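Here is the file structure08.pdb (PDB, C-alpha atoms, pLDDT in the B column).
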ATOM      1  CA  GLU D   3     208.759  44.746  88.842  1.00 85.00           C
ATOM      2  CA  TRP D   4     210.089  47.864  90.543  1.00 89.00           C
ATOM      3  CA  VAL D   5     209.508  50.243  93.462  1.00 91.00           C
ATOM      4  CA  ASP D   6     208.016  53.701  92.985  1.00 92.00           C
ATOM      5  CA  GLU D   7     208.147  55.624  96.285  1.00 93.00           C
ATOM      6  CA  ARG D   8     205.487  58.046  95.003  1.00 94.00           C
ATOM      7  CA  LEU D   9     202.921  55.217  95.028  1.00 95.00           C
ATOM      8  CA  THR D  10     202.934  54.440  98.752  1.00 96.00           C
ATOM      9  CA  TRP D  11     200.088  54.684 101.257  1.00 96.00           C
ATOM     10  CA  ASN D  12     199.069  53.458 104.690  1.00 97.00           C
ATOM     11  CA  PRO D  13     196.520  50.626 104.259  1.00 96.00           C
ATOM     12  CA  GLN D  14     194.834  51.510 107.585  1.00 96.00           C
ATOM     13  CA  ASP D  15     193.924  54.907 106.118  1.00 96.00           C
ATOM     14  CA  TYR D  16     192.089  53.203 103.226  1.00 96.00           C
ATOM     15  CA  ASN D  17     190.002  50.418 104.809  1.00 95.00           C
ATOM     16  CA  ASN D  18     193.038  48.053 104.811  1.00 96.00           C
ATOM     17  CA  LEU D  19     193.415  48.327 101.039  1.00 96.00           C
ATOM     18  CA  SER D  20     196.920  47.027 100.371  1.00 97.00           C
ATOM     19  CA  ARG D  21     196.931  46.504  96.592  1.00 96.00           C
ATOM     20  CA  ILE D  22     195.316  48.203  93.623  1.00 96.00           C
ATOM     21  CA  ARG D  23     195.314  47.710  89.862  1.00 95.00           C
ATOM     22  CA  ILE D  24     196.059  50.756  87.743  1.00 93.00           C
ATOM     23  CA  PRO D  25     195.944  51.107  83.932  1.00 91.00           C
ATOM     24  CA  CYS D  26     199.547  51.154  82.796  1.00 86.00           C
ATOM     25  CA  GLN D  27     198.945  54.337  80.795  1.00 87.00           C
ATOM     26  CA  LYS D  28     198.733  56.195  84.135  1.00 91.00           C
ATOM     27  CA  LEU D  29     202.152  54.969  85.381  1.00 89.00           C
ATOM     28  CA  TRP D  30     205.790  55.343  84.495  1.00 87.00           C
ATOM     29  CA  LEU D  31     206.827  52.194  82.628  1.00 84.00           C
ATOM     30  CA  PRO D  32     210.287  51.063  81.631  1.00 82.00           C
ATOM     31  CA  ASP D  33     210.713  50.965  77.849  1.00 80.00           C
ATOM     32  CA  ILE D  34     211.949  47.376  77.796  1.00 80.00           C
ATOM     33  CA  VAL D  35     212.153  45.870  74.319  1.00 80.00           C
ATOM     34  CA  LEU D  36     213.453  42.692  72.735  1.00 79.00           C
ATOM     35  CA  TYR D  37     216.585  43.939  70.953  1.00 79.00           C
ATOM     36  CA  ASN D  38     216.796  40.974  68.573  1.00 76.00           C
ATOM     37  CA  SER D  39     213.110  41.081  67.667  1.00 77.00           C
ATOM     38  CA  ALA D  40     212.018  39.618  64.343  1.00 75.00           C
ATOM     39  CA  ASP D  41     209.127  42.115  64.281  1.00 74.00           C
ATOM     40  CA  ASP D  42     208.841  45.887  64.272  1.00 71.00           C
ATOM     41  CA  TYR D  43     208.877  47.489  67.702  1.00 61.00           C
ATOM     42  CA  LYS D  44     205.345  48.170  68.846  1.00 60.00           C
ATOM     43  CA  THR D  45     203.896  49.258  72.156  1.00 55.00           C
ATOM     44  CA  ASP D  46     200.455  47.656  71.712  1.00 56.00           C
ATOM     45  CA  TYR D  47     201.347  44.898  74.148  1.00 55.00           C
ATOM     46  CA  MET D  48     201.782  47.447  76.916  1.00 58.00           C
ATOM     47  CA  GLN D  49     198.058  48.175  77.317  1.00 72.00           C
ATOM     48  CA  SER D  50     197.420  46.248  80.537  1.00 83.00           C
ATOM     49  CA  LYS D  51     197.010  46.935  84.238  1.00 90.00           C
ATOM     50  CA  ALA D  52     199.797  47.086  86.784  1.00 91.00           C
ATOM     51  CA  MET D  53     199.429  45.827  90.347  1.00 94.00           C
ATOM     52  CA  VAL D  54     200.618  48.371  92.906  1.00 96.00           C
ATOM     53  CA  GLN D  55     201.153  47.459  96.556  1.00 97.00           C
ATOM     54  CA  PHE D  56     200.958  49.930  99.441  1.00 97.00           C
ATOM     55  CA  ASN D  57     204.772  49.921  99.789  1.00 97.00           C
ATOM     56  CA  GLY D  58     205.218  51.206  96.222  1.00 95.00           C
ATOM     57  CA  ASN D  59     206.050  47.831  94.695  1.00 94.00           C
ATOM     58  CA  VAL D  60     204.775  47.825  91.092  1.00 94.00           C
ATOM     59  CA  PHE D  61     204.282  44.550  89.227  1.00 92.00           C
ATOM     60  CA  TRP D  62     203.484  44.921  85.539  1.00 86.00           C
ATOM     61  CA  PRO D  63     203.164  41.696  83.541  1.00 82.00           C
ATOM     62  CA  PRO D  64     202.537  42.968  80.009  1.00 77.00           C
ATOM     63  CA  PRO D  65     200.858  40.429  77.771  1.00 76.00           C
ATOM     64  CA  ALA D  66     203.065  40.008  74.744  1.00 73.00           C
ATOM     65  CA  LYS D  67     203.753  37.780  71.780  1.00 74.00           C
ATOM     66  CA  LEU D  68     207.427  38.080  70.906  1.00 74.00           C
ATOM     67  CA  ARG D  69     209.331  36.743  67.914  1.00 77.00           C
ATOM     68  CA  SER D  70     213.101  36.665  68.032  1.00 78.00           C
ATOM     69  CA  THR D  71     215.785  36.073  65.452  1.00 79.00           C
ATOM     70  CA  CYS D  72     217.899  32.986  66.059  1.00 80.00           C
ATOM     71  CA  LYS D  73     220.858  31.352  64.338  1.00 82.00           C
ATOM     72  CA  ILE D  74     220.088  27.701  63.622  1.00 83.00           C
ATOM     73  CA  ASP D  75     222.724  24.990  63.207  1.00 82.00           C
ATOM     74  CA  ILE D  76     221.223  21.985  61.403  1.00 83.00           C
ATOM     75  CA  THR D  77     224.470  20.029  61.067  1.00 83.00           C
ATOM     76  CA  TYR D  78     223.047  17.095  63.034  1.00 81.00           C
ATOM     77  CA  PHE D  79     219.422  17.401  61.865  1.00 83.00           C
ATOM     78  CA  PRO D  80     217.078  15.825  62.913  1.00 83.00           C
ATOM     79  CA  PHE D  81     219.054  15.127  66.115  1.00 83.00           C
ATOM     80  CA  ASP D  82     220.200  18.680  66.713  1.00 81.00           C
ATOM     81  CA  ASP D  83     219.632  20.914  69.727  1.00 82.00           C
ATOM     82  CA  GLN D  84     219.153  24.631  69.327  1.00 80.00           C
ATOM     83  CA  SER D  85     219.792  27.389  71.820  1.00 80.00           C
ATOM     84  CA  CYS D  86     218.379  30.844  71.158  1.00 80.00           C
ATOM     85  CA  THR D  87     219.095  33.986  73.124  1.00 80.00           C
ATOM     86  CA  MET D  88     216.509  36.697  73.664  1.00 80.00           C
ATOM     87  CA  LYS D  89     218.167  40.006  74.537  1.00 83.00           C
ATOM     88  CA  PHE D  90     216.022  42.505  76.458  1.00 83.00           C
ATOM     89  CA  GLY D  91     216.904  46.047  77.411  1.00 82.00           C
ATOM     90  CA  SER D  92     215.894  49.688  77.398  1.00 83.00           C
ATOM     91  CA  TRP D  93     216.343  52.141  74.551  1.00 80.00           C
ATOM     92  CA  THR D  94     216.598  55.198  76.787  1.00 84.00           C
ATOM     93  CA  TYR D  95     217.877  54.054  80.197  1.00 80.00           C
ATOM     94  CA  ASP D  96     221.313  52.617  80.864  1.00 79.00           C
ATOM     95  CA  GLY D  97     222.113  49.739  83.231  1.00 77.00           C
ATOM     96  CA  TRP D  98     222.554  52.144  86.163  1.00 78.00           C
ATOM     97  CA  GLN D  99     218.979  53.403  85.790  1.00 80.00           C
ATOM     98  CA  VAL D 100     217.079  50.237  84.806  1.00 79.00           C
ATOM     99  CA  ASN D 101     218.425  46.834  85.759  1.00 77.00           C
ATOM    100  CA  VAL D 102     216.725  44.045  83.801  1.00 76.00           C
ATOM    101  CA  ILE D 103     216.881  40.738  85.661  1.00 76.00           C
ATOM    102  CA  LYS D 104     215.311  37.391  84.882  1.00 74.00           C
ATOM    103  CA  ARG D 105     212.490  36.283  87.151  1.00 72.00           C
ATOM    104  CA  LEU D 106     212.707  32.727  88.402  1.00 69.00           C
ATOM    105  CA  VAL D 107     210.540  30.396  86.350  1.00 63.00           C
ATOM    106  CA  LYS D 108     209.463  27.214  88.101  1.00 62.00           C
ATOM    107  CA  LYS D 109     208.166  25.404  85.020  1.00 58.00           C
ATOM    108  CA  LYS D 110     210.671  24.443  82.345  1.00 55.00           C
ATOM    109  CA  ARG D 111     209.555  25.614  78.928  1.00 56.00           C
ATOM    110  CA  GLN D 112     208.984  22.963  76.304  1.00 56.00           C
ATOM    111  CA  PHE D 113     209.473  23.837  72.656  1.00 54.00           C
ATOM    112  CA  SER D 114     208.068  21.969  69.709  1.00 53.00           C
ATOM    113  CA  THR D 115     208.602  22.812  66.059  1.00 52.00           C
ATOM    114  CA  LEU D 116     205.524  23.183  63.910  1.00 49.00           C
ATOM    115  CA  HIS D 117     205.428  22.253  60.225  1.00 48.00           C
ATOM    116  CA  SER D 118     205.620  25.923  59.271  1.00 49.00           C
ATOM    117  CA  GLY D 119     209.046  26.236  60.879  1.00 52.00           C
ATOM    118  CA  LEU D 120     207.697  28.179  63.841  1.00 53.00           C
ATOM    119  CA  ALA D 121     208.388  27.034  67.385  1.00 52.00           C
ATOM    120  CA  SER D 122     205.609  26.531  69.890  1.00 51.00           C
ATOM    121  CA  ILE D 123     206.266  27.183  73.589  1.00 52.00           C
ATOM    122  CA  ASP D 124     204.240  25.156  76.068  1.00 47.00           C
TER
END
Could you write out this structure as structure tokens?
Amino acid sequence: EWVDERLTWNPQDYNNLSRIRIPCQKLWLPDIVLYNSADDYKTDYMQSKAMVQFNGNVFWPPPAKLRSTCKIDITYFPFDDQSCTMKFGSWTYDGWQVNVIKRLVKKKRQFSTLHSGLASID
């Protein structure tokens, strides 16, 4: 989510239209990637629509399926707990230009391990 001052308008001038959806290919998008991805970097997941509000606020929730590398400590298996870090950032913008912050999530994520060794997120 970010603000683009070029995408502002007065809703009264457009029949009180305060929000529109725009194909993301028509907008500037941050090149945020998962640095510790277990897969090749692809941009297929970026083909979605962004919601733009009259004040220039852009909300772009790209649908994505991400796989991350994770160090596993099985010393106390099957009673072990694992903690994995997913590191996101931009390839071309530094922290002064794009500030990646975590959105608040109300629902706690539940993980369950499948027989294949993959983890399922509910």
Check which residues satisfy the PyMOL selection byres ((chain D and resi 13-29) around 7) in the file shown, then give them as an NGL selection string. :D and (11-12 or 30-31 or 49-56)
What would the file look like if the residues just selected were written as a compact mmCIF listing (two decimals), in the coordinates of the input with C-alpha atoms?
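Ended up saving to part-v2.txt:
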# COMPACT_ATOMS: atom_id res chain seq x y z
CA TRP D 11 200.09 54.68 101.26
CA ASN D 12 199.07 53.46 104.69
CA TRP D 30 205.79 55.34 84.50
CA LEU D 31 206.83 52.19 82.63
CA GLN D 49 198.06 48.18 77.32
CA SER D 50 197.42 46.25 80.54
CA LYS D 51 197.01 46.94 84.24
CA ALA D 52 199.80 47.09 86.78
CA MET D 53 199.43 45.83 90.35
CA VAL D 54 200.62 48.37 92.91
CA GLN D 55 201.15 47.46 96.56
CA PHE D 56 200.96 49.93 99.44
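Across the model, the gap from CA of Glu7 in chain D to CA of Lys89 in chain D is 28.6 Å.
Going from CA of Asp42 in chain D over to CA of Cys86 in chain D, you cover 19.1 Å.
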To one decimal place in Å, what is the distance between CA of Gln84 in chain D and CA of Leu68 in chain D?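 Between these atoms lies a distance of 17.9 Å.
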So that I can see what lies close to Trp93 in chain D, please list as a ChimeraX atom specification the residues with an atom at most 12 Å from it, counting only C-alpha atoms and leaving out residues fewer than 4 positions away in the same chain. /D:32-37,43,97,99-100
Residue with smallest distance to Arg105 in chain D - pool D:Ser39, D:Arg8, D:Met88, D:Glu3, counting only C-alpha atoms: D:Glu3
Considering only C-alpha atoms, state which residue in the set D:Ala40, D:Ile103, D:Asn59, D:Gly91 is at the smallest distance from Leu9 in chain D.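 Closest residue, counting only C-alpha atoms: D:Asn59.
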